[in-house]
>>> print(open('entry-v4.txt').read())   # compact mmCIF, C-alpha atoms and all ligand atoms
# COMPACT_ATOMS: atom_id res chain seq x y z
CA MET A 1 20.77 5.92 -35.31
CA ILE A 2 20.30 6.71 -31.63
CA TRP A 3 17.53 4.36 -30.48
CA ARG A 4 14.98 5.15 -27.78
CA CYS A 5 15.92 1.79 -26.27
CA ASP A 6 18.66 -0.64 -27.29
CA LEU A 7 18.51 -4.09 -25.70
CA VAL A 8 21.64 -5.63 -27.20
CA PRO A 9 24.22 -3.98 -24.86
CA GLN A 10 22.47 -5.51 -21.87
CA TYR A 11 22.61 -9.00 -23.39
CA GLN A 12 26.30 -8.43 -24.16
CA ALA A 13 26.97 -7.34 -20.56
CA TYR A 14 25.53 -10.56 -19.07
CA LYS A 15 26.00 -12.85 -22.07
CA ALA A 16 28.09 -15.55 -20.39
CA GLU A 17 25.64 -16.01 -17.50
CA ILE A 18 22.56 -15.86 -19.73
CA ASP A 19 23.94 -18.29 -22.30
CA GLU A 20 24.85 -20.75 -19.58
CA ALA A 21 21.36 -20.53 -18.04
CA ILE A 22 19.76 -21.13 -21.46
CA GLN A 23 22.01 -24.12 -22.12
CA GLN A 24 21.12 -25.65 -18.76
CA VAL A 25 17.41 -25.46 -19.54
CA LEU A 26 17.85 -26.86 -23.03
CA MET A 27 19.89 -29.76 -21.70
CA SER A 28 17.47 -30.46 -18.82
CA GLY A 29 14.67 -31.58 -21.13
CA ARG A 30 12.16 -29.83 -18.80
CA TYR A 31 10.68 -26.80 -20.50
CA ILE A 32 7.34 -26.13 -18.79
CA LEU A 33 6.84 -25.18 -15.12
CA ALA A 34 10.06 -26.78 -13.90
CA GLU A 35 12.70 -25.73 -11.34
CA ASN A 36 13.53 -22.33 -12.84
CA VAL A 37 9.93 -21.10 -12.73
CA THR A 38 9.55 -22.27 -9.12
CA ALA A 39 12.88 -20.72 -8.11
CA PHE A 40 12.21 -17.46 -9.91
CA GLU A 41 8.76 -17.15 -8.33
CA GLN A 42 10.37 -17.46 -4.90
CA GLU A 43 13.34 -15.21 -5.67
CA PHE A 44 11.24 -12.47 -7.22
CA ALA A 45 8.63 -12.54 -4.43
CA GLN A 46 11.45 -12.30 -1.89
CA TYR A 47 12.99 -9.40 -3.80
CA ILE A 48 9.66 -7.53 -3.75
CA GLY A 49 9.11 -8.40 -0.07
CA VAL A 50 6.00 -10.59 -0.38
CA GLN A 51 5.34 -14.27 0.22
CA HIS A 52 4.09 -15.65 -3.08
CA GLY A 53 4.80 -15.28 -6.77
CA VAL A 54 2.84 -16.82 -9.64
CA GLY A 55 4.54 -16.80 -13.02
CA VAL A 56 2.28 -16.25 -16.03
CA ASN A 57 2.64 -15.58 -19.71
CA SER A 58 2.58 -11.76 -19.73
CA GLY A 59 1.93 -8.61 -17.73
CA THR A 60 -1.54 -8.44 -19.25
CA ASP A 61 -2.29 -11.93 -17.95
CA ALA A 62 -0.82 -11.03 -14.55
CA LEU A 63 -3.32 -8.15 -14.27
CA MET A 64 -6.12 -10.32 -15.60
CA MET A 65 -5.40 -13.19 -13.20
CA ALA A 66 -5.39 -10.81 -10.21
CA LEU A 67 -8.58 -9.05 -11.34
CA TRP A 68 -10.24 -12.43 -11.96
CA LEU A 69 -9.97 -13.02 -8.21
CA CYS A 70 -11.95 -9.85 -7.52
CA ASN A 71 -15.17 -11.61 -8.61
CA LEU A 72 -16.24 -8.71 -10.77
CA GLN A 73 -19.77 -8.61 -12.19
CA PRO A 74 -20.84 -6.65 -15.29
CA GLY A 75 -21.18 -3.01 -14.30
CA ASP A 76 -18.69 -3.28 -11.45
CA GLU A 77 -16.19 -0.46 -11.55
CA VAL A 78 -12.40 -0.45 -11.48
CA ILE A 79 -10.72 2.89 -10.88
CA THR A 80 -7.52 3.52 -12.80
CA THR A 81 -5.57 6.06 -14.84
CA PRO A 82 -6.38 6.97 -18.46
CA PHE A 83 -2.68 7.40 -19.16
CA THR A 84 -1.09 3.97 -19.41
CA ALA A 85 -0.35 1.21 -21.88
CA ILE A 86 -3.42 -0.36 -23.49
CA PRO A 87 -2.98 -3.73 -21.68
CA THR A 88 -4.08 -2.19 -18.38
CA PHE A 89 -7.49 -1.76 -20.03
CA SER A 90 -7.38 -5.05 -21.92
CA ALA A 91 -7.17 -6.81 -18.55
CA ILE A 92 -9.98 -4.76 -16.99
CA ARG A 93 -12.14 -5.36 -20.05
CA HIS A 94 -11.35 -9.06 -20.08
CA VAL A 95 -12.85 -9.52 -16.61
CA GLY A 96 -15.96 -7.60 -17.67
CA ALA A 97 -15.54 -4.50 -15.50
CA LYS A 98 -16.00 -0.84 -16.33
CA PRO A 99 -13.00 1.47 -15.98
CA VAL A 100 -13.42 4.76 -14.14
CA PHE A 101 -10.65 7.27 -14.66
CA LEU A 102 -8.89 9.69 -12.37
CA ASP A 103 -7.04 12.54 -14.02
CA LEU A 104 -3.31 12.88 -13.49
CA GLU A 105 -0.86 15.00 -11.56
CA PRO A 106 0.77 17.18 -14.24
CA ASP A 107 4.30 16.77 -12.85
CA THR A 108 4.50 13.12 -11.74
CA PHE A 109 2.18 11.86 -14.55
CA LEU A 110 0.60 9.54 -11.94
CA MET A 111 -3.10 9.30 -11.09
CA ASN A 112 -4.31 12.18 -8.95
CA LEU A 113 -5.34 10.66 -5.64
CA ASP A 114 -7.10 13.89 -4.58
CA GLN A 115 -9.86 12.79 -7.00
CA LEU A 116 -10.17 9.25 -5.63
CA GLN A 117 -12.75 9.84 -2.89
CA GLY A 118 -15.11 11.52 -5.37
CA ALA A 119 -14.81 8.64 -7.86
CA LEU A 120 -15.84 5.90 -5.40
CA THR A 121 -19.33 4.41 -5.81
CA GLU A 122 -21.02 1.31 -4.43
CA ARG A 123 -19.99 -0.46 -7.64
CA THR A 124 -16.27 0.24 -7.08
CA LYS A 125 -14.63 -3.16 -6.59
CA ALA A 126 -10.97 -2.57 -7.35
CA ILE A 127 -8.34 0.09 -7.91
CA VAL A 128 -5.52 -0.37 -10.43
CA PRO A 129 -2.80 2.19 -9.80
CA VAL A 130 -0.16 2.22 -12.53
CA HIS A 131 3.42 2.96 -11.47
CA LEU A 132 4.15 4.84 -14.67
CA PHE A 133 7.60 5.11 -16.26
CA GLY A 134 9.22 3.71 -13.09
CA ASN A 135 7.67 6.33 -10.81
CA ALA A 136 5.50 5.03 -7.97
CA VAL A 137 1.98 5.80 -6.77
CA ASP A 138 1.46 6.11 -3.00
CA VAL A 139 -0.62 2.95 -2.58
CA GLN A 140 -0.77 3.32 1.20
CA ARG A 141 -2.68 6.58 0.65
CA ILE A 142 -5.09 4.72 -1.66
CA ARG A 143 -5.70 2.18 1.09
CA GLU A 144 -6.39 4.94 3.61
CA ILE A 145 -8.96 6.50 1.24
CA VAL A 146 -10.77 3.33 0.07
CA GLY A 147 -10.65 1.23 3.26
CA PRO A 148 -10.01 -2.51 3.53
CA ASP A 149 -12.74 -3.94 1.27
CA ILE A 150 -11.75 -2.64 -2.15
CA LEU A 151 -8.98 -4.66 -3.77
CA ILE A 152 -5.85 -2.92 -4.97
CA VAL A 153 -4.09 -4.47 -7.98
CA GLU A 154 -0.85 -2.60 -8.63
CA ASP A 155 0.20 -2.42 -12.28
CA CYS A 156 3.96 -2.81 -11.81
CA ALA A 157 4.81 -3.50 -15.46
CA GLN A 158 7.10 -0.46 -15.48
CA SER A 159 8.29 -0.38 -11.86
CA HIS A 160 10.43 -3.41 -10.93
CA GLY A 161 12.32 -2.25 -7.84
CA ALA A 162 10.65 1.15 -7.36
CA LYS A 163 9.77 2.03 -3.78
CA VAL A 164 7.51 4.26 -1.71
CA ARG A 165 8.92 5.01 1.75
CA GLY A 166 11.06 1.87 1.50
CA THR A 167 8.31 -0.54 0.36
CA MET A 168 8.50 -1.91 -3.15
CA THR A 169 5.76 -1.50 -5.69
CA GLY A 170 3.85 -4.75 -5.76
CA ALA A 171 4.10 -5.15 -1.98
CA MET A 172 1.73 -2.34 -1.05
CA GLY A 173 -1.59 -3.52 -2.52
CA ASP A 174 -3.36 -6.89 -2.52
CA PHE A 175 -1.67 -7.94 -5.74
CA GLY A 176 1.25 -6.69 -7.81
CA ALA A 177 1.20 -7.49 -11.54
CA PHE A 178 4.56 -7.48 -13.32
CA SER A 179 5.48 -7.74 -16.99
CA PHE A 180 8.82 -9.06 -18.26
CA TYR A 181 8.35 -7.78 -21.80
CA PRO A 182 11.90 -7.38 -23.21
CA THR A 183 12.13 -3.59 -22.77
CA LYS A 184 11.05 -3.64 -19.10
CA ASN A 185 13.55 -2.93 -16.31
CA LEU A 186 13.57 -6.67 -15.75
CA GLY A 187 13.05 -8.00 -19.27
CA ALA A 188 12.91 -11.51 -20.67
CA TYR A 189 13.73 -12.49 -24.26
CA GLY A 190 10.09 -13.07 -25.04
CA ASP A 191 6.88 -12.62 -23.08
CA GLY A 192 6.52 -13.17 -19.36
CA GLY A 193 4.64 -11.91 -16.34
CA LEU A 194 4.13 -12.59 -12.65
CA VAL A 195 1.65 -11.82 -9.87
CA VAL A 196 2.93 -11.25 -6.34
CA THR A 197 0.70 -11.44 -3.27
CA ASN A 198 0.73 -12.25 0.43
CA ASP A 199 -2.55 -14.15 0.03
CA ALA A 200 -1.64 -17.86 -0.02
CA LYS A 201 -5.13 -18.96 -1.08
CA ALA A 202 -5.18 -16.52 -3.99
CA ALA A 203 -1.73 -17.67 -5.12
CA ASP A 204 -2.89 -21.27 -5.00
CA ILE A 205 -5.99 -20.54 -7.14
CA MET A 206 -3.88 -18.62 -9.68
CA LYS A 207 -1.41 -21.52 -9.92
CA LYS A 208 -4.30 -23.82 -10.82
CA ARG A 209 -5.94 -21.37 -13.17
CA ARG A 210 -2.78 -20.74 -15.15
CA MET A 211 -2.76 -24.41 -16.12
CA TYR A 212 -6.36 -25.11 -17.19
CA GLY A 213 -7.53 -25.40 -13.55
CA MET A 214 -5.53 -28.59 -13.15
CA ILE A 215 -4.15 -30.10 -9.94
CA SER A 216 -2.98 -33.41 -11.31
CA LYS A 217 -2.82 -34.99 -14.72
CA ASP A 218 -6.51 -35.80 -14.91
CA GLU A 219 -8.03 -33.65 -12.18
CA PHE A 220 -9.44 -30.20 -12.83
CA VAL A 221 -10.84 -28.22 -9.93
CA THR A 222 -11.48 -24.72 -11.25
CA ASP A 223 -11.88 -22.71 -14.43
CA GLY A 224 -8.57 -22.12 -16.07
CA ILE A 225 -6.58 -21.08 -19.09
CA ASN A 226 -3.04 -21.63 -20.32
CA THR A 227 -0.85 -18.79 -19.08
CA ARG A 228 2.47 -20.09 -17.84
CA LEU A 229 5.79 -18.37 -17.44
CA ASP A 230 8.19 -20.15 -19.76
CA GLU A 231 11.00 -22.15 -18.12
CA LEU A 232 13.57 -20.65 -20.51
CA GLN A 233 12.43 -17.10 -19.73
CA ALA A 234 12.44 -17.86 -15.99
CA ALA A 235 16.06 -19.01 -16.23
CA ILE A 236 17.02 -15.78 -18.03
CA LEU A 237 15.07 -13.67 -15.53
CA ARG A 238 16.85 -15.35 -12.60
CA VAL A 239 20.18 -14.16 -14.04
CA LYS A 240 18.93 -10.65 -14.73
CA LEU A 241 17.27 -10.31 -11.30
CA ARG A 242 20.75 -10.56 -9.76
CA HIS A 243 21.71 -7.41 -11.70
CA LEU A 244 18.44 -5.48 -11.41
CA ASP A 245 19.51 -3.20 -8.54
CA THR A 246 22.73 -2.29 -10.38
CA MET A 247 20.81 -1.50 -13.58
CA ASN A 248 18.20 0.54 -11.67
CA ALA A 249 20.90 2.48 -9.85
CA ARG A 250 22.50 3.30 -13.20
CA ARG A 251 19.13 4.46 -14.55
CA ARG A 252 18.84 6.86 -11.58
CA GLU A 253 22.34 8.24 -12.22
CA LEU A 254 21.60 8.70 -15.90
CA ALA A 255 18.26 10.41 -15.19
CA ALA A 256 20.08 12.92 -12.97
CA ILE A 257 22.58 13.56 -15.78
CA TYR A 258 19.79 14.17 -18.34
CA ALA A 259 18.18 16.65 -15.92
CA GLU A 260 21.47 18.60 -15.91
CA LEU A 261 21.91 18.49 -19.67
CA LEU A 262 18.39 19.41 -20.83
CA PRO A 263 17.18 23.02 -21.14
CA THR A 264 14.87 23.28 -18.12
CA GLU A 265 12.89 26.21 -19.54
CA HIS A 266 11.68 23.93 -22.35
CA VAL A 267 11.95 20.38 -21.02
CA ARG A 268 10.49 19.37 -17.65
CA PRO A 269 11.34 15.79 -16.64
CA GLN A 270 8.89 13.64 -14.71
CA VAL A 271 8.90 14.67 -11.04
CA VAL A 272 9.58 12.09 -8.33
CA ARG A 273 8.00 12.95 -4.97
CA ASP A 274 9.91 12.84 -1.68
CA GLY A 275 9.91 9.32 -0.27
CA VAL A 276 9.60 7.73 -3.72
CA GLU A 277 12.46 5.88 -5.42
CA SER A 278 11.76 5.79 -9.15
CA VAL A 279 13.46 3.21 -11.36
CA TRP A 280 13.18 5.41 -14.47
CA HIS A 281 11.78 2.75 -16.77
CA VAL A 282 11.42 5.41 -19.46
CA TYR A 283 12.81 8.95 -19.39
CA CYS A 284 9.74 11.09 -20.07
CA ALA A 285 9.41 14.85 -19.91
CA THR A 286 6.91 17.48 -20.96
CA VAL A 287 8.09 20.07 -23.48
CA SER A 288 7.04 23.70 -23.66
CA GLY A 289 5.52 23.41 -27.16
CA ARG A 290 5.84 22.22 -30.78
CA ARG A 291 6.24 18.63 -29.58
CA ASP A 292 5.51 16.98 -32.91
CA GLU A 293 7.90 19.31 -34.75
CA LEU A 294 10.56 18.44 -32.18
CA LEU A 295 10.02 14.72 -32.83
CA GLN A 296 10.52 15.30 -36.56
CA PHE A 297 13.61 17.42 -35.93
CA LEU A 298 15.12 14.70 -33.74
CA GLU A 299 14.34 12.09 -36.37
CA SER A 300 16.14 14.21 -38.96
CA ARG A 301 19.14 14.01 -36.60
CA HIS A 302 18.76 10.22 -36.41
CA ILE A 303 17.49 10.37 -32.84
CA GLN A 304 14.50 8.21 -32.01
CA ALA A 305 12.12 9.71 -29.45
CA ASN A 306 8.64 8.32 -28.73
CA VAL A 307 5.35 9.45 -27.33
CA TYR A 308 3.90 7.55 -24.39
CA TYR A 309 0.91 8.02 -24.75
CA PRO A 310 -0.44 9.98 -27.70
CA MET A 311 -4.08 9.44 -26.75
CA PRO A 312 -5.48 9.00 -23.23
CA MET A 313 -7.74 6.01 -22.91
CA SER A 314 -10.71 8.23 -22.22
CA LYS A 315 -10.41 9.52 -25.83
CA GLN A 316 -10.34 6.05 -27.45
CA ARG A 317 -13.99 6.16 -28.43
CA GLY A 318 -14.32 2.64 -29.83
CA TYR A 319 -12.76 1.07 -26.81
CA MET A 320 -14.72 3.20 -24.39
CA ALA A 321 -17.98 2.34 -26.14
CA ALA A 322 -17.12 -1.35 -25.90
CA PHE A 323 -16.73 -0.88 -22.13
CA GLY A 324 -20.00 1.03 -21.91
CA ALA A 325 -17.90 3.63 -20.13
CA ASP A 326 -18.34 7.40 -20.14
CA ALA A 327 -15.70 9.50 -21.87
CA PRO A 328 -14.90 12.09 -19.23
CA HIS A 329 -12.95 15.24 -19.96
CA LEU A 330 -9.57 14.79 -18.28
CA PRO A 331 -7.62 17.97 -18.99
CA VAL A 332 -4.26 16.94 -17.54
CA ALA A 333 -4.23 13.63 -19.41
CA GLU A 334 -5.09 15.45 -22.62
CA TYR A 335 -2.41 18.09 -22.02
CA LEU A 336 0.20 15.40 -21.40
CA SER A 337 -0.74 13.49 -24.54
CA HIS A 338 0.24 16.59 -26.54
CA HIS A 339 3.34 17.62 -24.58
CA ILE A 340 5.05 14.45 -23.44
CA ILE A 341 8.15 12.95 -25.03
CA ALA A 342 10.30 9.91 -24.21
CA LEU A 343 14.01 10.38 -24.90
CA PRO A 344 16.64 7.72 -25.69
CA PHE A 345 17.31 6.01 -22.38
CA TYR A 346 18.47 2.60 -21.10
CA PRO A 347 21.08 1.57 -18.49
CA GLU A 348 23.91 1.12 -21.00
CA ILE A 349 23.41 4.38 -22.91
CA GLU A 350 26.61 6.42 -23.30
CA ILE A 351 26.72 9.86 -21.69
CA ALA A 352 28.06 11.24 -24.99
CA THR A 353 24.86 9.97 -26.65
CA MET A 354 22.73 11.78 -24.09
CA GLN A 355 24.77 14.93 -24.73
CA THR A 356 24.02 14.64 -28.45
CA VAL A 357 20.30 14.33 -27.69
CA ALA A 358 20.32 17.31 -25.31
CA GLN A 359 22.29 19.46 -27.78
CA ALA A 360 19.79 18.71 -30.54
CA ILE A 361 16.92 19.74 -28.25
CA CYS A 362 18.75 22.97 -27.29
CA GLU A 363 19.28 23.69 -30.98
CA PHE A 364 15.60 23.10 -31.77
CA TYR A 365 14.47 25.57 -29.11
CA GLY A 366 17.28 28.04 -29.93
CA VAL A 367 18.86 27.99 -26.46
C1 LIG B 401 1.65 -0.19 -17.74
C2 LIG B 401 1.63 -1.54 -18.40
N1 LIG B 401 0.72 -2.44 -18.00
C3 LIG B 401 0.67 -3.66 -18.54
C4 LIG B 401 1.55 -4.05 -19.52
C5 LIG B 401 1.37 -5.42 -20.14
O1 LIG B 401 2.49 -6.18 -20.17
P1 LIG B 401 2.69 -7.33 -21.30
O2 LIG B 401 3.11 -6.63 -22.55
O3 LIG B 401 3.73 -8.19 -20.70
O4 LIG B 401 1.38 -8.03 -21.46
C6 LIG B 401 2.54 -3.17 -19.97
C7 LIG B 401 3.53 -3.54 -20.99
O5 LIG B 401 3.41 -3.33 -22.15
C8 LIG B 401 2.57 -1.86 -19.40
O6 LIG B 401 3.48 -0.97 -19.79
>>> encode(input="entry-v4.txt", output="structure tokens", more="lines below")
Ligand SMILES: Cc1ncc(COP(=O)(O)O)c(C=O)c1O
Amino acid sequence: MIWRCDLVPQYQAYKAEIDEAIQQVLMSGRYILAENVTAFEQEFAQYIGVQHGVGVNSGTDALMMALWLCNLQPGDEVITTPFTAIPTFSAIRHVGAKPVFLDLEPDTFLMNLDQLQGALTERTKAIVPVHLFGNAVDVQRIREIVGPDILIVEDCAQSHGAKVRGTMTGAMGDFGAFSFYPTKNLGAYGDGGLVVTNDAKAADIMKKRRMYGMISKDEFVTDGINTRLDELQAAILRVKLRHLDTMNARRRELAAIYAELLPTEHVRPQVVRDGVESVWHVYCATVSGRRDELLQFLESRHIQANVYYPMPMSKQRGYMAAFGADAPHLPVAEYLSHHIIALPFYPEIEIATMQTVAQAICEFYGV
């Protein structure tokens, strides 16, 4: 079987370093918020180019912790994309806000910033741009449109290391929310997440809130929950962070190779705008037609391809009703949900495997 994503080759590539890091944590006897979490928070923040990092339990919690700081009241609006993983909405819903959707650019699959001005109301309190599939939204342009008072929380779950005009995703808005879910460009071997920010006060509040609002053993100063980055995962992430640029560079090389191999009249890969450095978290493309038949055909050839995302959020009626949100007609998002496909892709994939995938697609379309 050719898998959409295979995580074992990456573990094998860095096995000695990872195993050693795990052993050190196990032997230290310190498993919660110890030296690896502190070091990783600093190292990751430095990598992104911001001052503070706050490790939490997941990317969903990273978004939620950042949005919690926006002081949202029921009915307050958060502008985002309808075309993203469900957790983007889980976090918005958790803080009680109402999502407002922009449609997408049909080629980059990112939210269409030409629609942003028209979506702003006096209830708009935050914007959550999602750097989808490793591609990056121009957050500086968002700032120019919305001004200084609306908070920008970047959803960077799929964009570790991606850049716009040299600045990393996560360093452009007020907060950057990262996930370390195992399949991510920087993936743990379990759950993990982190918020980056230049706001020292905000980082301090988040560090208290992630641990029940506690500042010392018996002193609680704010509302809080339990959402801590695990010490073991932090140790693993410190190892993998050292290799992230190499893995991202390989993803870029492989994406360029796929673009050469695939039949361009039927398969149009995600477009990356000038000035943007994508990290190709997933290799997604739109196909000319018969997408679901193609998926079945590939499966019959033992090739796993996926659909991200088969239904835009604006069409999830139950969820939308729970938000009290309108279900706008978003034609590009709906088009993409019927035409998009994610092909087998990860840094260690063999070029021969990609050739097999491309040949099968050529055969399906008769080219
Ligand atoms: C765009 C996006 N946002 C948020 C998340 C949430 O991350 P996690 O699964 O770590 O909660 C994910 C990952 O699934 C994601 O892809």
>>> residues_near_ligand(input="entry-v4.txt", ligand="ligand LIG 401 (chain B)", cutoff="7 Å", atoms="only C-alpha atoms and all ligand atoms", output="MDAnalysis selection string")
chainID A and resid 58:61 84:85 87:88 130 132 155:158 179:181 191:193
>>> closest_residue(input="entry-v4.txt", among="A:Leu232, A:Val153, A:Met64, A:Met206", to="A:Gly29", atoms="all atoms listed in the file")
A:Leu232
>>> closest_residue(input="entry-v4.txt", among="A:Ile361, A:Val282, A:Val195, A:Ile18", to="A:Thr183", atoms="all atoms listed in the file")
A:Val282
>>> atom_distance(input="entry-v4.txt", atom1="atom CA of A:Ile150", atom2="atom CA of A:Leu120")
10.0 Å
>>> closest_residue(input="entry-v4.txt", among="A:Glu17, A:Glu260, A:Asp230, A:Glu277", to="A:Ala358", atoms="only C-alpha atoms")
A:Glu260
>>> residues_around(input="entry-v4.txt", residues="A:Leu7", least_positions_apart="4", cutoff="12 Å", atoms="all atoms listed in the file", output="list in words")
Trp3, Tyr11, Gln12, Ala13, Tyr14, Tyr181, Pro182, Thr183, Lys184, Asn185, Leu186, Gly187, Ala188, Tyr189, Pro344, Phe345, Tyr346, Pro347, Glu348 and Ile349 of chain A
>>> atom_distance(input="entry-v4.txt", atom1="atom CA of A:Met65", atom2="atom CA of A:His52")
14.1 Å
>>> residues_around(input="entry-v4.txt", residues="A:Met214", least_positions_apart="5", cutoff="12 Å", atoms="all atoms listed in the file", output="NGL selection string")
:A and (204-209 or 219-226)
>>> write_last_selection(input="entry-v4.txt", atoms="C-alpha atoms", output="PDB file, in the coordinates of the input")
ATOM      1  CA  ASP A 204      -2.890 -21.270  -5.000  1.00  0.00           C
ATOM      2  CA  ILE A 205      -5.990 -20.540  -7.140  1.00  0.00           C
ATOM      3  CA  MET A 206      -3.880 -18.620  -9.680  1.00  0.00           C
ATOM      4  CA  LYS A 207      -1.410 -21.520  -9.920  1.00  0.00           C
ATOM      5  CA  LYS A 208      -4.300 -23.820 -10.820  1.00  0.00           C
ATOM      6  CA  ARG A 209      -5.940 -21.370 -13.170  1.00  0.00           C
ATOM      7  CA  GLU A 219      -8.030 -33.650 -12.180  1.00  0.00           C
ATOM      8  CA  PHE A 220      -9.440 -30.200 -12.830  1.00  0.00           C
ATOM      9  CA  VAL A 221     -10.840 -28.220  -9.930  1.00  0.00           C
ATOM     10  CA  THR A 222     -11.480 -24.720 -11.250  1.00  0.00           C
ATOM     11  CA  ASP A 223     -11.880 -22.710 -14.430  1.00  0.00           C
ATOM     12  CA  GLY A 224      -8.570 -22.120 -16.070  1.00  0.00           C
ATOM     13  CA  ILE A 225      -6.580 -21.080 -19.090  1.00  0.00           C
ATOM     14  CA  ASN A 226      -3.040 -21.630 -20.320  1.00  0.00           C
TER      15      ASN A 226
END
>>> residues_around(input="entry-v4.txt", residues="stretch 41-51 of chain A", least_positions_apart="4", cutoff="9 Å", atoms="all atoms listed in the file", output="ChimeraX atom specification")
/A:36-37,55,160-161,167-171,194-200,234,238,241
>>> closest_residue(input="entry-v4.txt", among="A:Ile127, A:Ala249, A:Val137, A:Leu69", to="A:Phe109", atoms="only C-alpha atoms")
A:Val137
>>> closest_residue(input="entry-v4.txt", among="A:Gly176, A:Gly166, A:Gly134, A:Pro328", to="A:Glu154", atoms="only C-alpha atoms")
A:Gly176
>>> closest_residue(input="entry-v4.txt", among="A:Ile236, A:Leu294, A:Leu261, A:Cys70", to="A:Ala39", atoms="only C-alpha atoms")
A:Ile236
>>> residues_around(input="entry-v4.txt", residues="A:Leu330", least_positions_apart="3", cutoff="10 Å", atoms="all atoms listed in the file", output="PDB file with C-alpha atoms, in the frame of the given file")
ATOM      1  CA  PRO A  82      -6.380   6.970 -18.460  1.00  0.00           C
ATOM      2  CA  PHE A 101     -10.650   7.270 -14.660  1.00  0.00           C
ATOM      3  CA  LEU A 102      -8.890   9.690 -12.370  1.00  0.00           C
ATOM      4  CA  ASP A 103      -7.040  12.540 -14.020  1.00  0.00           C
ATOM      5  CA  LEU A 104      -3.310  12.880 -13.490  1.00  0.00           C
ATOM      6  CA  PRO A 312      -5.480   9.000 -23.230  1.00  0.00           C
ATOM      7  CA  SER A 314     -10.710   8.230 -22.220  1.00  0.00           C
ATOM      8  CA  LYS A 315     -10.410   9.520 -25.830  1.00  0.00           C
ATOM      9  CA  ALA A 327     -15.700   9.500 -21.870  1.00  0.00           C
ATOM     10  CA  ALA A 333      -4.230  13.630 -19.410  1.00  0.00           C
ATOM     11  CA  GLU A 334      -5.090  15.450 -22.620  1.00  0.00           C
ATOM     12  CA  TYR A 335      -2.410  18.090 -22.020  1.00  0.00           C
TER      13      TYR A 335
END
